[in-house]
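Working notes, beginning with the structure itself.
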Amino acid sequence: GMTPGEAQQTLFAIGAYVIGSATEWQAEAERESSQPLPDPADEELNALRARALSYQPLLLAAVGELLEQPHAAAFEFGLDLLIDGLRARFAP
């Protein structure tokens, strides 16, 4: 149900999403190699984080949910949002 122009814009939008995600994953991998993550057993750091996040219960809950998901879950979620939006707009 798309016009040729809408189909082209759809390809651009999905392409930009894929390229942006790949670029971010690449940057994250570079950060991890040059800036190792802190020791998860660092009790002092964990206490500091707990105090900082105690005032942000929704953020803490969101981080907890995201840490339980596979790495690709965020990408798939975003792609599903794009596809669902396209269906809502163009499906009869």
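Following the order of the structure tokens, chains are lettered A, B, ..., residues in each are numbered from 1, and ligands are numbered from 1.
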
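Excluding Ala74 (chain A) itself and any same-chain residue fewer than 3 positions from it, the protein and nucleic acid residues within 12 Å of it, counting only C-alpha atoms, are Tyr17, Val18, Ser21, Glu24, Trp25, Glu65, Leu66, Leu67, Glu68, Gln69, Pro70, His71, Phe77, Gly78, Leu79, Asp80 and Leu81 of chain A.
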
DSSP alpha helix (DSSP H) residues within region 19-49 of chain A, listed as number ranges by chain: A: 19-34, 43-49

Given only C-alpha atoms as the counted atoms, nearest of A:Ala72, A:Ala52, A:Ala62, A:Asp42 to Ala22 (chain A): A:Ala72

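Residue nearest Phe90 (chain A), chosen from A:Asp39, A:Glu76, A:Glu6, A:Glu30 and counting only C-alpha atoms: A:Glu6.
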
Pairwise distance for CA of Ala13 (chain A) and CA of Ala88 (chain A), rounded to one decimal in Å: 15.9 Å

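Residues in contact with Gly1 (chain A) at 12 Å, where only C-alpha atoms are counted and same-chain residues fewer than 3 positions away are skipped, are listed as Pro4, Gly5, Glu6, Ala7, Leu86, Arg87, Ala88, Arg89, Phe90, Ala91 and Pro92 of chain A.
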